[in-house]
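*Asks:* Below are the structure tokens for one structure; questions will follow.
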Amino acid sequence: MQQFNFIQNLQEWSNQYPWLDMVSSFSIVIFLAILANFFSKQVIVRGIRKLISKTGFGNNDIVTQYSVIQRIANIVPALVIMNGISTVPHLSDKVENFVQMGTQAFIFLTIALAISEFLNIFNLIYQRNPKSRNKPIKGYLQLVKLIIYVVCVLMIIGTFLDKDVFTLLAGFGAMAAVLMLVFQNTILSLVASVQISSYDMVRIGDWIEMPSLNADGDVIDISLHTVTVQNWDKTLTTIPTNKLITDTFKNWRGMQDAGVRRIKRSLLIDQSSVHFMTSQEQDKLKNFLLLDHYLNSKNEELEQSNQQLVNQSQYNHRRLTNLGTFRAYIEFYLKQHPSINNTEALIIRQLQPTSEGLPLEIYAFTQTALWKEYENIQSDIFDHLIAIIPEFGLKLYQAPSGTDFRQLAITTSERLEYN
């Protein structure tokens with residue numbers, strides 16, 4: 001009986017202080033929310049993670065990298081507060097409504113973030129598929145995220161304004177022009193992403209070259225708004241996605257898929273060194289295994305051609321030149337080179353003479369597309385040609401340097417002193 005009276009007296013005393021009743025009830029709600037948060041994080045979340053870890057999907061670090069389950073678990077204490085705040089006595093309706101709207105907005109935001117994390121996981125799983133290099137979906141997922149966040153913001157605004165989401169959407173319809181201006185880059189990037197994916201213009205791993213934006217390297221990421229290129233100097237260039245549609249760029253994927261790479265480089269011949277070959281020079285060059293058959297067949301061809309010009313001047317007769325013989329040697333040499341692809345075009349041609357000499361262009365393809373091996377093959381070929389060109393009586397053009405002028409001055413001075 002005494003205990004019953006004590007409780008009754010305590011209740012009467014607390015009724016004299018309504019704020020104390022309100023604080024104690026609110027504290028109980030907060031305590032229950034903390035308890036619900038602890039139970040959901042330590043029991044439910046851990047249990048789900050252990051269950052996932054026993055599956056094949058859970059053997060990787062994707063689940064631990066993104067906290068989808070933990071974000072969803074944050075909804076539990078928010079629900080406890082949203083429903084428990086109405087049980088707190090002596091609390092004004094405005095405060096109660098504000099707390100409920102705040103917790104409801106928190107739930108909307110948590111759901112949006114959880115969906116975003118799930119889309120990140122889906123993108124990581126998709127990227128492990130070899131086909132993802134040809135058809136990246138990161139841009140489309142970013143668009144889905146943007147739509148989810150816009151809907152989330154509208155739902156939060158509708159919660160605080162006590163209006164339906166569809167009513168807000170109808171109001172925003174009148175602002176379509178403003179929204180199109182605000183999201184102009186997003187719309188352009190979306191259209192560009194669809195075109196890039198449809199026409200297979202760029203893939204992750206492609207080597208692209210875009211001089212207008214100083215991009216020259218491998219594509220490492222394709223998103224809704226940007227394409228990231230890692231240049232050969234290891235710097236990163238970020239290209240707006242729509243620039244790949246409006247501007248020109250070079251994609252080296254065809255070269256990589258073909259497995260060959262083109263050599264297109266010229267030797268600048270000093271034109272004053274070009275002359276008709278004498279019989280002594282021809283006999284000397286016949287020691288070259290590659291030129292023996294060529295010189296014999298070429299001489300037979302010239303003799304047959306010159307018989308038709310027997311009554312004409314000797315200057316009209318066709319004769320072998322050291323430059324033509326050198327061109328034939330280069331062609332024979334490249335055809336027998338183990339690193340040159342003979343199924344592709346192989347052309348040795350003269351270009352338009354310039355003040356810097358006569359360009360003799362070599363157009364061929366190597367057997368490999370790897371950068372280092374390609375450069376080594378190209379360098380070895382031109383090392384050999386530059387070293388052997390004096391054997392044909394030819395000279396490479398080189399602009400005179402300060403050493404040449406100094407040597408000329410010394411020679412002229414010595415001649416003057418001698419005279």
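Naming works like this for the structure tokens: A, B, ... for the chains as they're shown, residue 1 at the start of each chain, ligands 1 onward in shown order.
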Leaving out Thr186 (chain A) and any residue of its chain fewer than 4 positions from it, which residues lie within 9 Å of it when counting only C-alpha atoms, given as a ChimeraX atom specification?

*Replies:* /A:143,182,190-191,224-225

*Asks:* For Glu209 (chain A), which residue out of A:Trp232, A:Tyr126, A:Phe249, A:Tyr374 is the nearest one, using only C-alpha atoms?

*Replies:*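 The shortest atom-to-atom distance to Glu209 (chain A) comes from A:Phe249.
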
*Asks:* Which residue, A:Lys372, A:Thr343, A:Tyr329, A:Leu358, has the smallest gap to Phe392 (chain A) when you use only C-alpha atoms?

*Replies:*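 Distance minimum relative to Phe392 (chain A) lands on A:Tyr329.
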
*Asks:* Kindly indicate which residue among A:Ile222, A:Leu285, A:Val80, A:Val202 lies nearest to Asn251 (chain A), using only C-alpha atoms for the distances.

*Replies:*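 Closest to Asn251 (chain A), using only C-alpha atoms: A:Val202.
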
*Asks:* Let me make sure I understand: among A:Glu117, A:Tyr333, A:Gln367, A:Gly393, which one has the smallest atom-to-atom distance to Val274 (chain A) if we use only C-alpha atoms?

*Replies:*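 With only C-alpha atoms as the atom set, the closest residue is A:Gly393.
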
*Asks:* Quote the spacing between CA of Arg319 (chain A) and CA of Pro359 (chain A) in Å to one decimal place.

*Replies:* 21.6 Å

*Asks:* Grab the CA of Asn242 (chain A) to CA of Pro136 (chain A) distance for me, in Å with one decimal place.

*Replies:* 16.0 Å

*Asks:* Residues at most 9 Å from Gln350 (chain A), counting only C-alpha atoms, excluding those fewer than 2 positions away in the same chain, as an mmCIF file with C-alpha atoms, in the first residue's frame?

*Replies:*
```cif
data_model
loop_
_atom_site.group_PDB
_atom_site.id
_atom_site.type_symbol
_atom_site.label_atom_id
_atom_site.label_comp_id
_atom_site.auth_asym_id
_atom_site.auth_seq_id
_atom_site.Cartn_x
_atom_site.Cartn_y
_atom_site.Cartn_z
ATOM 1 C CA SER A 266 61.594 9.453 -95.267
ATOM 2 C CA ILE A 348 59.245 2.758 -101.503
ATOM 3 C CA GLN A 352 58.291 16.036 -104.181
ATOM 4 C CA PRO A 353 61.895 17.379 -104.053
ATOM 5 C CA LEU A 358 64.806 14.482 -102.195
ATOM 6 C CA PRO A 359 62.525 12.594 -99.741
ATOM 7 C CA LEU A 360 62.662 8.824 -100.223
ATOM 8 C CA GLU A 361 59.667 7.583 -98.228
#
```

*Asks:* Fewer than 6 positions away in the same chain doesn't count, so skip those; otherwise give me all residues within 6 Å of region 102-112 of chain A, counting only C-alpha atoms, as a PyMOL selection string.

*Replies:* chain A and resi 75+78+82+156

*Asks:* Output C-alpha atoms for every residue in that selection, as a PDB file, in the first residue's frame.

*Replies:*
```pdb
ATOM      1  CA  ILE A  75      15.942   3.497 -41.427  1.00  0.00           C
ATOM      2  CA  ALA A  78      14.356   6.776 -37.847  1.00  0.00           C
ATOM      3  CA  MET A  82       8.940   9.029 -36.250  1.00  0.00           C
ATOM      4  CA  ILE A 156      11.570  15.878 -49.256  1.00  0.00           C
TER       5      ILE A 156
END
```

*Asks:* What does the distance between CA of Ala328 (chain A) and CA of Thr368 (chain A) come to in Å, to one decimal place?

*Replies:*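 Taking CA of Ala328 (chain A) as the start and CA of Thr368 (chain A) as the end point, the length is 24.5 Å.
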